[in-house]
file input.cif (mmCIF, C-alpha atoms)
data_work
loop_
_atom_site.label_atom_id
_atom_site.label_comp_id
_atom_site.auth_asym_id
_atom_site.auth_seq_id
_atom_site.Cartn_x
_atom_site.Cartn_y
_atom_site.Cartn_z
CA MET E 1274 -28.20 192.98 78.83
CA GLU E 1275 -24.72 191.74 79.63
CA PRO E 1276 -24.58 188.56 81.75
CA THR E 1277 -22.57 190.44 84.38
CA ASP E 1278 -25.28 193.14 84.56
CA LEU E 1279 -27.93 190.46 85.06
CA ALA E 1280 -25.77 188.74 87.67
CA TYR E 1281 -25.24 192.07 89.45
CA ILE E 1282 -28.98 192.74 89.48
CA ALA E 1283 -29.60 189.22 90.80
CA GLY E 1284 -27.13 189.84 93.62
CA PHE E 1285 -28.67 193.22 94.41
CA LEU E 1286 -32.13 191.65 94.44
CA ASP E 1287 -30.95 188.83 96.71
CA GLY E 1288 -29.29 191.32 99.03
CA ASP E 1289 -31.92 193.96 99.44
CA GLY E 1290 -34.77 193.35 97.04
CA SER E 1291 -38.01 191.46 97.14
CA ILE E 1292 -40.11 189.19 94.95
CA PHE E 1293 -43.65 188.94 96.17
CA PHE E 1294 -47.07 188.07 94.84
CA GLN E 1295 -50.20 189.49 96.43
CA LEU E 1296 -53.93 188.97 96.24
CA ILE E 1297 -55.58 192.35 95.78
CA ARG E 1298 -59.29 192.96 96.28
CA LYS E 1299 -60.86 194.36 93.12
CA ASN E 1300 -64.57 194.85 93.59
CA ASP E 1301 -65.16 195.70 89.94
CA TYR E 1302 -63.80 192.34 88.75
CA ARG E 1303 -66.09 189.42 88.42
CA LEU E 1304 -63.87 187.23 90.62
CA GLY E 1305 -63.29 190.13 92.96
CA PHE E 1306 -59.53 189.64 93.26
CA GLN E 1307 -56.35 190.23 91.31
CA ILE E 1308 -53.04 188.37 91.50
CA ARG E 1309 -50.37 191.06 91.50
CA PRO E 1310 -46.69 190.14 91.08
CA SER E 1311 -43.98 192.53 92.24
CA VAL E 1312 -40.23 192.71 91.96
CA ALA E 1313 -38.97 195.52 94.14
CA PHE E 1314 -35.62 197.11 94.90
CA TYR E 1315 -35.09 199.49 97.82
CA GLN E 1316 -32.49 202.05 98.65
CA LYS E 1317 -31.98 205.22 100.63
CA THR E 1318 -33.20 208.15 98.56
CA ASP E 1319 -29.69 209.60 98.88
CA ASN E 1320 -28.49 206.60 96.88
CA GLU E 1321 -31.39 206.33 94.46
CA ASN E 1322 -29.08 206.68 91.47
CA ILE E 1323 -28.66 202.92 91.63
CA LEU E 1324 -32.44 202.57 91.24
CA VAL E 1325 -32.37 205.00 88.31
CA TRP E 1326 -29.71 202.80 86.72
CA LEU E 1327 -31.83 199.71 87.32
CA LYS E 1328 -34.84 201.38 85.70
CA GLU E 1329 -32.70 202.29 82.69
CA GLN E 1330 -31.69 198.66 82.36
CA LEU E 1331 -35.10 197.12 82.93
CA ILE E 1332 -37.09 199.92 81.25
CA SER E 1333 -40.44 199.15 82.88
CA GLY E 1334 -41.59 199.74 86.43
CA CYS E 1335 -41.96 202.72 88.68
CA LEU E 1336 -39.50 204.56 90.90
CA ARG E 1337 -40.99 206.23 93.97
CA ARG E 1338 -39.67 208.33 96.78
CA ARG E 1339 -41.33 207.46 100.04
CA GLY E 1340 -41.56 210.03 102.79
CA THR E 1341 -39.23 207.97 104.94
CA GLY E 1342 -36.00 208.70 103.12
CA ILE E 1343 -36.32 205.39 101.29
CA SER E 1344 -36.94 205.05 97.57
CA ASP E 1345 -38.19 201.98 95.84
CA TYR E 1346 -38.21 200.78 92.28
CA THR E 1347 -40.99 198.29 91.67
CA ILE E 1348 -42.12 196.34 88.62
CA VAL E 1349 -45.66 194.96 88.69
CA GLU E 1350 -46.53 194.45 85.03
CA PRO E 1351 -46.82 190.64 84.78
CA CYS E 1352 -45.15 190.42 81.38
CA GLU E 1353 -42.23 192.48 82.59
CA VAL E 1354 -41.97 190.59 85.86
CA ARG E 1355 -41.98 187.33 83.94
CA ARG E 1356 -39.33 188.51 81.50
CA LEU E 1357 -37.14 189.77 84.34
CA LEU E 1358 -37.49 186.62 86.43
CA LYS E 1359 -36.56 184.49 83.42
CA GLU E 1360 -33.48 186.61 82.76
CA LEU E 1361 -32.38 186.60 86.40
CA ARG E 1362 -33.12 182.93 87.03
CA PRO E 1363 -29.62 181.65 86.12
CA TYR E 1364 -27.99 184.02 88.61
CA VAL E 1365 -30.37 184.35 91.56
CA ARG E 1366 -29.33 182.28 94.57
CA LEU E 1367 -31.16 183.35 97.70
CA LYS E 1368 -34.55 183.88 96.10
CA ARG E 1369 -34.48 180.91 93.73
CA ASN E 1370 -37.70 179.48 95.13
CA GLN E 1371 -39.49 182.80 94.72
CA VAL E 1372 -38.30 183.06 91.11
CA GLN E 1373 -39.46 179.55 90.30
CA LEU E 1374 -42.82 179.86 92.03
CA GLY E 1375 -43.41 183.28 90.50
CA LEU E 1376 -42.70 182.02 87.00
CA GLU E 1377 -45.02 179.05 87.45
CA ILE E 1378 -47.85 181.33 88.59
CA LEU E 1379 -47.28 183.84 85.78
CA GLU E 1380 -47.18 181.12 83.15
CA ALA E 1381 -50.40 179.59 84.42
CA LEU E 1382 -52.28 182.87 84.90
CA PRO E 1383 -53.62 183.30 81.33
CA SER E 1384 -55.10 179.81 81.23
CA ALA E 1385 -56.63 179.99 84.71
CA THR E 1386 -60.03 180.94 83.36
CA SER E 1387 -62.38 179.29 85.84
CA PRO E 1388 -62.91 180.36 89.47
CA GLY E 1389 -61.45 177.03 90.59
CA GLN E 1390 -58.32 177.47 88.52
CA PHE E 1391 -57.94 181.02 89.76
CA LEU E 1392 -58.30 179.85 93.34
CA ALA E 1393 -55.67 177.17 92.75
CA LEU E 1394 -53.28 179.92 91.70
CA CYS E 1395 -54.23 181.96 94.77
CA ARG E 1396 -53.18 178.96 96.87
CA ARG E 1397 -49.77 179.16 95.25
CA VAL E 1398 -49.60 182.90 95.92
CA ASP E 1399 -50.08 182.05 99.60
CA GLN E 1400 -46.76 180.21 99.50
CA PHE E 1401 -44.94 183.53 99.19
CA ARG E 1402 -45.96 184.23 102.78
CA ASP E 1403 -43.64 181.49 104.00
CA LEU E 1404 -40.92 182.09 101.43
CA ASN E 1405 -40.70 185.77 102.40
CA TYR E 1406 -41.41 185.38 106.12
CA SER E 1407 -44.27 187.78 105.53
CA LYS E 1408 -46.40 188.61 108.54
CA LYS E 1409 -48.51 191.36 107.03
CA ARG E 1410 -50.44 189.31 104.51
CA THR E 1411 -54.15 189.79 105.16
CA ILE E 1412 -55.79 188.56 101.94
CA THR E 1413 -55.22 184.84 101.55
CA SER E 1414 -56.67 182.20 99.26
CA ASP E 1415 -59.03 181.19 102.07
CA LEU E 1416 -60.63 184.62 101.88
CA VAL E 1417 -60.80 184.36 98.10
CA GLU E 1418 -62.45 180.94 98.39
CA HIS E 1419 -64.91 182.27 100.99
CA GLN E 1420 -65.89 185.17 98.71
CA LEU E 1421 -66.17 182.96 95.63
CA ARG E 1422 -68.45 180.57 97.52
CA LEU E 1423 -70.58 183.40 98.92
CA ARG E 1424 -71.12 184.59 95.35
CA GLY E 1425 -71.92 181.12 94.08
CA LEU E 1426 -68.92 180.98 91.81
CA LEU E 1427 -67.61 177.77 93.34
CA GLU E 1428 -69.70 174.65 93.57
CA PRO E 1429 -69.39 172.90 96.95
CA GLN E 1430 -69.07 169.47 95.33
CA THR E 1431 -66.31 170.31 92.87
CA ASN E 1432 -62.77 169.18 93.48
CA GLU E 1433 -61.16 171.90 91.49
CA VAL E 1434 -60.90 174.15 94.52
CA THR E 1435 -58.53 171.91 96.34
CA GLU E 1436 -56.93 170.20 93.39
CA PRO E 1437 -54.58 172.61 91.64
CA ALA E 1438 -55.49 173.05 88.00
CA HIS E 1439 -52.99 171.88 85.46
CA LEU E 1440 -50.54 174.72 85.14
CA GLY E 1441 -49.73 174.87 81.48
CA SER E 1442 -46.84 176.75 80.02
CA THR E 1443 -48.95 179.08 77.91
CA SER E 1444 -47.17 182.37 77.71
CA ALA E 1445 -49.14 185.41 78.76
CA CYS E 1446 -46.81 187.58 76.77
CA THR E 1447 -46.94 185.71 73.50
CA SER E 1448 -50.60 184.79 73.49
CA THR E 1449 -52.11 188.09 74.48
CA PRO E 1450 -51.08 191.67 73.85
CA TYR E 1451 -50.92 193.37 77.19
CA GLY E 1452 -50.76 197.02 77.98
CA SER E 1453 -49.43 198.47 81.20
CA GLU E 1454 -50.41 196.22 84.09
CA GLY E 1455 -52.89 194.59 81.74
CA ALA E 1456 -52.13 191.01 82.60
CA THR E 1457 -52.81 191.39 86.30
CA TYR E 1458 -56.41 192.09 85.42
CA TRP E 1459 -56.64 189.56 82.66
CA VAL E 1460 -57.98 186.57 84.53
CA ALA E 1461 -60.71 188.65 86.07
CA ARG E 1462 -61.57 190.37 82.83
CA ARG E 1463 -62.03 187.06 81.12
CA HIS E 1464 -65.15 186.76 83.22
CA VAL E 1465 -66.66 190.12 82.42
CA SER E 1466 -66.64 189.66 78.68
CA GLY E 1467 -69.88 190.97 77.32
CA SER E 1468 -70.35 193.39 80.16
CA GLY E 1469 -69.05 196.20 78.04
CA ARG E 1470 -66.15 196.90 80.41
CA MET Q 600 -14.01 183.11 89.85
CA GLU Q 601 -16.42 183.60 86.97
CA PRO Q 602 -17.18 187.21 86.05
CA THR Q 603 -20.87 186.58 86.71
CA ASP Q 604 -20.05 185.28 90.20
CA LEU Q 605 -18.03 188.41 90.93
CA ALA Q 606 -20.81 190.59 89.52
CA TYR Q 607 -23.36 188.74 91.68
CA ILE Q 608 -21.23 189.25 94.79
CA ALA Q 609 -20.83 192.94 93.91
CA GLY Q 610 -24.59 193.28 93.62
CA PHE Q 611 -25.16 191.43 96.89
CA LEU Q 612 -22.58 193.66 98.59
CA ASP Q 613 -24.21 196.79 97.18
CA GLY Q 614 -27.62 195.61 98.26
CA ASP Q 615 -27.01 194.42 101.78
CA GLY Q 616 -23.30 194.41 102.52
CA SER Q 617 -20.84 196.87 103.92
CA ILE Q 618 -17.30 198.09 103.29
CA PHE Q 619 -15.91 199.93 106.29
CA PHE Q 620 -12.58 200.83 107.76
CA GLN Q 621 -12.16 201.42 111.47
CA LEU Q 622 -9.56 202.78 113.84
CA ILE Q 623 -9.13 200.28 116.66
CA ARG Q 624 -7.36 201.09 119.90
CA LYS Q 625 -4.46 198.67 120.48
CA ASN Q 626 -2.63 199.54 123.64
CA ASP Q 627 0.16 197.07 122.99
CA TYR Q 628 1.11 198.71 119.70
CA ARG Q 629 3.60 201.49 119.63
CA LEU Q 630 1.25 203.84 117.79
CA GLY Q 631 -1.66 202.65 119.89
CA PHE Q 632 -4.08 202.17 117.03
CA GLN Q 633 -4.81 199.77 114.21
CA ILE Q 634 -6.48 200.45 110.88
CA ARG Q 635 -8.89 197.58 110.35
CA PRO Q 636 -10.63 197.06 106.99
CA SER Q 637 -13.82 195.05 106.78
CA VAL Q 638 -16.01 193.72 104.02
CA ALA Q 639 -19.18 192.30 105.54
CA PHE Q 640 -22.26 190.50 104.26
CA TYR Q 641 -25.38 190.04 106.38
CA GLN Q 642 -28.33 187.72 106.20
CA LYS Q 643 -30.94 186.13 108.39
CA THR Q 644 -29.49 183.03 109.97
CA ASP Q 645 -32.31 181.07 108.33
CA ASN Q 646 -30.78 182.06 104.99
CA GLU Q 647 -27.13 181.78 105.94
CA ASN Q 648 -26.47 179.25 103.17
CA ILE Q 649 -25.83 182.21 100.92
CA LEU Q 650 -23.08 183.31 103.34
CA VAL Q 651 -21.65 179.79 103.34
CA TRP Q 652 -21.54 179.95 99.54
CA LEU Q 653 -19.80 183.32 99.69
CA LYS Q 654 -17.21 181.94 102.10
CA GLU Q 655 -16.59 179.02 99.77
CA GLN Q 656 -15.97 181.45 96.94
CA LEU Q 657 -13.83 183.93 98.86
CA ILE Q 658 -12.15 181.34 101.10
CA SER Q 659 -11.02 183.75 103.82
CA GLY Q 660 -13.05 185.51 106.48
CA CYS Q 661 -15.30 184.47 109.29
CA LEU Q 662 -18.97 183.49 109.40
CA ARG Q 663 -20.74 184.23 112.67
CA ARG Q 664 -24.20 183.71 114.04
CA ARG Q 665 -25.28 186.60 116.16
CA GLY Q 666 -27.85 186.12 118.86
CA THR Q 667 -30.31 188.27 116.97
CA GLY Q 668 -31.21 185.81 114.24
CA ILE Q 669 -28.77 187.55 111.92
CA SER Q 670 -25.57 185.99 110.61
CA ASP Q 671 -22.67 187.86 109.15
CA TYR Q 672 -19.74 186.89 107.02
CA THR Q 673 -16.86 189.32 107.45
CA ILE Q 674 -13.39 189.55 105.95
CA VAL Q 675 -10.86 191.67 107.82
CA GLU Q 676 -7.49 190.38 106.64
CA PRO Q 677 -6.08 193.36 104.71
CA CYS Q 678 -4.57 191.24 101.93
CA GLU Q 679 -7.84 189.43 101.42
CA VAL Q 680 -9.87 192.62 101.59
CA ARG Q 681 -7.55 194.19 99.04
CA ARG Q 682 -7.78 191.20 96.70
CA LEU Q 683 -11.56 191.12 96.97
CA LEU Q 684 -12.00 194.85 96.41
CA LYS Q 685 -9.79 194.68 93.32
CA GLU Q 686 -11.82 191.78 91.94
CA LEU Q 687 -15.16 193.43 92.66
CA ARG Q 688 -14.15 196.93 91.51
CA PRO Q 689 -15.31 196.48 87.88
CA TYR Q 690 -18.80 195.47 89.01
CA VAL Q 691 -19.57 197.43 92.16
CA ARG Q 692 -21.85 200.41 91.55
CA LEU Q 693 -23.30 201.75 94.78
CA LYS Q 694 -20.15 201.42 96.87
CA ARG Q 695 -17.66 202.49 94.22
CA ASN Q 696 -16.28 205.28 96.41
CA GLN Q 697 -15.78 202.90 99.32
CA VAL Q 698 -13.94 200.42 97.09
CA GLN Q 699 -11.65 203.11 95.68
CA LEU Q 700 -10.89 204.72 99.05
CA GLY Q 701 -10.36 201.33 100.67
CA LEU Q 702 -7.91 200.25 98.00
CA GLU Q 703 -5.96 203.51 98.29
CA ILE Q 704 -5.66 203.08 102.06
CA LEU Q 705 -4.64 199.43 101.80
CA GLU Q 706 -2.04 200.15 99.15
CA ALA Q 707 -0.53 202.95 101.24
CA LEU Q 708 -0.60 201.09 104.55
CA PRO Q 709 2.71 199.21 104.25
CA SER Q 710 4.66 202.36 103.43
CA ALA Q 711 3.02 204.51 106.11
CA THR Q 712 5.89 203.98 108.52
CA SER Q 713 5.97 207.25 110.41
CA PRO Q 714 3.37 208.47 112.92
CA GLY Q 715 2.57 211.33 110.55
CA GLN Q 716 1.99 209.01 107.63
CA PHE Q 717 -0.12 206.73 109.78
CA LEU Q 718 -2.18 209.69 110.92
CA ALA Q 719 -2.66 210.78 107.31
CA LEU Q 720 -4.16 207.36 106.59
CA CYS Q 721 -6.36 207.65 109.67
CA ARG Q 722 -7.73 210.89 108.19
CA ARG Q 723 -8.73 208.92 105.12
CA VAL Q 724 -10.34 206.25 107.28
CA ASP Q 725 -12.51 209.05 108.73
CA GLN Q 726 -13.99 209.52 105.27
CA PHE Q 727 -15.84 206.21 105.59
CA ARG Q 728 -18.01 207.87 108.21
CA ASP Q 729 -19.61 210.07 105.56
CA LEU Q 730 -19.58 207.45 102.82
CA ASN Q 731 -21.44 204.99 105.03
CA TYR Q 732 -23.63 207.49 106.92
CA SER Q 733 -22.07 206.03 110.04
CA LYS Q 734 -23.18 207.58 113.30
CA LYS Q 735 -21.50 205.17 115.69
CA ARG Q 736 -17.86 205.99 114.95
CA THR Q 737 -16.15 206.97 118.19
CA ILE Q 738 -12.44 206.67 117.38
CA THR Q 739 -11.50 209.26 114.79
CA SER Q 740 -8.19 210.52 113.48
CA ASP Q 741 -8.48 213.50 115.84
CA LEU Q 742 -8.29 211.10 118.77
CA VAL Q 743 -5.33 209.31 117.16
CA GLU Q 744 -3.58 212.65 116.67
CA HIS Q 745 -4.30 213.67 120.26
CA GLN Q 746 -2.84 210.42 121.57
CA LEU Q 747 0.21 210.60 119.30
CA ARG Q 748 0.92 214.14 120.48
CA LEU Q 749 0.44 213.22 124.14
CA ARG Q 750 3.04 210.50 123.66
CA GLY Q 751 5.45 212.82 121.85
CA LEU Q 752 5.26 210.86 118.64
CA LEU Q 753 4.22 213.88 116.60
CA GLU Q 754 6.25 217.05 116.51
CA PRO Q 755 4.11 220.22 116.66
CA GLN Q 756 6.17 221.89 113.96
CA THR Q 757 5.97 219.13 111.36
CA ASN Q 758 3.62 219.38 108.40
CA GLU Q 759 3.23 215.71 107.87
CA VAL Q 760 0.25 215.51 110.21
CA THR Q 761 -1.98 217.71 108.13
CA GLU Q 762 -0.40 217.05 104.75
CA PRO Q 763 -1.26 213.53 103.60
CA ALA Q 764 1.84 211.50 102.98
CA HIS Q 765 2.49 210.34 99.47
CA LEU Q 766 0.47 207.19 99.12
CA GLY Q 767 2.63 204.86 97.13
CA SER Q 768 1.36 201.80 95.38
CA THR Q 769 3.56 199.34 97.20
CA SER Q 770 1.65 196.15 97.55
CA ALA Q 771 1.28 194.88 101.07
CA CYS Q 772 0.64 191.42 99.72
CA THR Q 773 3.66 191.13 97.49
CA SER Q 774 6.18 192.91 99.67
CA THR Q 775 5.43 191.24 102.95
CA PRO Q 776 4.21 187.80 103.86
CA TYR Q 777 1.18 188.19 106.08
CA GLY Q 778 -0.49 185.71 108.32
CA SER Q 779 -4.06 185.94 109.51
CA GLU Q 780 -4.87 189.58 110.19
CA GLY Q 781 -1.17 190.25 110.09
CA ALA Q 782 -1.30 193.28 107.90
CA THR Q 783 -3.67 195.15 110.14
CA TYR Q 784 -0.95 195.17 112.77
CA TRP Q 785 1.89 195.75 110.40
CA VAL Q 786 2.15 199.52 110.50
CA ALA Q 787 2.22 199.49 114.26
CA ARG Q 788 4.68 196.60 114.40
CA ARG Q 789 7.08 198.44 112.20
CA HIS Q 790 7.59 200.73 115.18
CA VAL Q 791 8.30 198.05 117.72
CA SER Q 792 11.14 196.48 115.80
CA GLY Q 793 13.82 195.72 118.30
CA SER Q 794 11.37 195.51 121.15
CA GLY Q 795 11.33 191.77 120.85
CA ARG Q 796 7.61 191.60 120.12
#
call {"tool": "encode", "arguments": {"input": "input.cif", "output": "structure tokens"}}
result
Amino acid sequence: MEPTDLAYIAGFLDGDGSIFFQLIRKNDYRLGFQIRPSVAFYQKTDNENILVWLKEQLISGCLRRRGTGISDYTIVEPCEVRRLLKELRPYVRLKRNQVQLGLEILEALPSATSPGQFLALCRRVDQFRDLNYSKKRTITSDLVEHQLRLRGLLEPQTNEVTEPAHLGSTSACTSTPYGSEGATYWVARRHVSGSGR
Amino acid sequence: MEPTDLAYIAGFLDGDGSIFFQLIRKNDYRLGFQIRPSVAFYQKTDNENILVWLKEQLISGCLRRRGTGISDYTIVEPCEVRRLLKELRPYVRLKRNQVQLGLEILEALPSATSPGQFLALCRRVDQFRDLNYSKKRTITSDLVEHQLRLRGLLEPQTNEVTEPAHLGSTSACTSTPYGSEGATYWVARRHVSGSGR
């Protein structure tokens, strides 16, 4: 893409878009939760041509019409979110902290193979609550920790819960071939190897 | 400014900004009304640094904190609005029609010296109502026409009221030295020459 197109998209994202990471309950995953990244753009459905243009530029993601007269274009595939955040990073101004935090989480996700490492990443996901002034967040890392302990996946005496794991720079995209939304499930799936799933 | 800065500002404007032209009642002007252009950017006051940065780039305009936790940065000087719209035009996507219409009005304003020509421009200002889905507009060109007729400034038999005047490309900025907000009053002031104002 042209630098001016990337800069435009960064401005549009700063103006009326959102970068947010969520913890999603996934009962069929061994760790029971998924870290889901999202980059979302919103617009009145009457003006959704701008979202169509964005989708043409960014290729991935999903454009939806809500019943409220608002459309949104959202990208949740971790590889695509990571690629986009890296491309927009030089131009984003208002959401710089979200871009940086999101990239750190996405780069650490593939190597967060233990429950403690996963929980450490969940703690970082919590930080989006403050960055985005989010009031609706119901699933926090405390809930993840509680569930992991209930299921005996975290040892009470270990420090790895409270000490963030080393967040390496291993690339999810280069080390593992992901399909659509594959990487969001990856950490959990690491723990069900051998289950036949 | 760098092209990527202009593209970023265009994206930010498309995402959460506004381009609007208004008819303002000015009882001390001979024609009684002013055409006021505005380019506005909004943001939570907590994030107003981005508006400070915009003001540093665009130099003119006014940054205000509203009581609602929202700040806005608005440019109303016609010369500055015209300069900005011309610079952003290559990059704006969502508000392309507003940019084009605004530039046409601003370029025609200095040569709209008769009440009929002024009214023709007011008709074009009305078009922002539809472009911006504005529901709050109370002063329309119909009201301007009504007032001009009441004051005998429009002849019933003339065609110039309903036929838009030729909109020349005379530059307000190059033909007339304007002070702060000067150009918004210019059309009206043309008609009080000799009044000592």
call {"tool": "residues_around", "arguments": {"input": "input.cif", "residues": "Val1365 of chain E", "least_positions_apart": "3", "cutoff": "7 Å", "atoms": "only C-alpha atoms", "output": "ChimeraX atom specification"}}
result
/E:1283-1284,1287,1361-1362,1368-1369
call {"tool": "atom_distance", "arguments": {"input": "input.cif", "atom1": "atom CA of Ser713 of chain Q", "atom2": "atom CA of Ile634 of chain Q"}}
result
14.2 Å
call {"tool": "resolve_selection", "arguments": {"input": "input.cif", "expression": "the PyMOL selection byres ((chain Q and resi 725) around 10)", "output": "list in words"}}
result
Phe620, Gln621, Leu622, Leu720, Cys721, Arg722, Arg723, Val724, Gln726, Phe727, Arg728, Asp729, Leu730, Arg736, Ile738, Thr739, Ser740 and Asp741 of chain Q
call {"tool": "write_last_selection", "arguments": {"input": "input.cif", "atoms": "C-alpha atoms", "output": "PDB file, in the coordinates of the input"}}
result
ATOM      1  CA  PHE Q 620     -12.580 200.830 107.760  1.00  0.00           C
ATOM      2  CA  GLN Q 621     -12.160 201.420 111.470  1.00  0.00           C
ATOM      3  CA  LEU Q 622      -9.560 202.780 113.840  1.00  0.00           C
ATOM      4  CA  LEU Q 720      -4.160 207.360 106.590  1.00  0.00           C
ATOM      5  CA  CYS Q 721      -6.360 207.650 109.670  1.00  0.00           C
ATOM      6  CA  ARG Q 722      -7.730 210.890 108.190  1.00  0.00           C
ATOM      7  CA  ARG Q 723      -8.730 208.920 105.120  1.00  0.00           C
ATOM      8  CA  VAL Q 724     -10.340 206.250 107.280  1.00  0.00           C
ATOM      9  CA  GLN Q 726     -13.990 209.520 105.270  1.00  0.00           C
ATOM     10  CA  PHE Q 727     -15.840 206.210 105.590  1.00  0.00           C
ATOM     11  CA  ARG Q 728     -18.010 207.870 108.210  1.00  0.00           C
ATOM     12  CA  ASP Q 729     -19.610 210.070 105.560  1.00  0.00           C
ATOM     13  CA  LEU Q 730     -19.580 207.450 102.820  1.00  0.00           C
ATOM     14  CA  ARG Q 736     -17.860 205.990 114.950  1.00  0.00           C
ATOM     15  CA  ILE Q 738     -12.440 206.670 117.380  1.00  0.00           C
ATOM     16  CA  THR Q 739     -11.500 209.260 114.790  1.00  0.00           C
ATOM     17  CA  SER Q 740      -8.190 210.520 113.480  1.00  0.00           C
ATOM     18  CA  ASP Q 741      -8.480 213.500 115.840  1.00  0.00           C
TER      19      ASP Q 741
END
call {"tool": "residues_near_point", "arguments": {"input": "input.cif", "point": "(-14.9, 185.2, 101.0)", "cutoff": "10 Å", "atoms": "all atoms listed in the file", "output": "MDAnalysis selection string"}}
result
chainID Q and resid 608 638:640 650:662 672:674 679:680 683
call {"tool": "interface_residues", "arguments": {"input": "input.cif", "of": "chain E", "to": "chain Q", "cutoff": "6 Å", "atoms": "only C-alpha atoms", "output": "MDAnalysis selection string"}}
result
chainID E and resid 1277 1280:1281 1284:1285 1288:1289
call {"tool": "write_last_selection", "arguments": {"input": "input.cif", "atoms": "C-alpha atoms", "output": "mmCIF file, in the frame of the given file"}}
result
data_model
loop_
_atom_site.group_PDB
_atom_site.id
_atom_site.type_symbol
_atom_site.label_atom_id
_atom_site.label_comp_id
_atom_site.auth_asym_id
_atom_site.auth_seq_id
_atom_site.Cartn_x
_atom_site.Cartn_y
_atom_site.Cartn_z
ATOM 1 C CA THR E 1277 -22.570 190.440 84.380
ATOM 2 C CA ALA E 1280 -25.770 188.740 87.670
ATOM 3 C CA TYR E 1281 -25.240 192.070 89.450
ATOM 4 C CA GLY E 1284 -27.130 189.840 93.620
ATOM 5 C CA PHE E 1285 -28.670 193.220 94.410
ATOM 6 C CA GLY E 1288 -29.290 191.320 99.030
ATOM 7 C CA ASP E 1289 -31.920 193.960 99.440
#
call {"tool": "atom_distance", "arguments": {"input": "input.cif", "atom1": "atom CA of Val698 of chain Q", "atom2": "atom CA of Glu1360 of chain E"}}
result
27.9 Å
call {"tool": "resolve_selection", "arguments": {"input": "input.cif", "expression": "the PyMOL selection byres ((chain Q and resi 708) around 8)", "output": "PyMOL selection string"}}
result
chain Q and resi 704-707+709-711+717+720+771+786
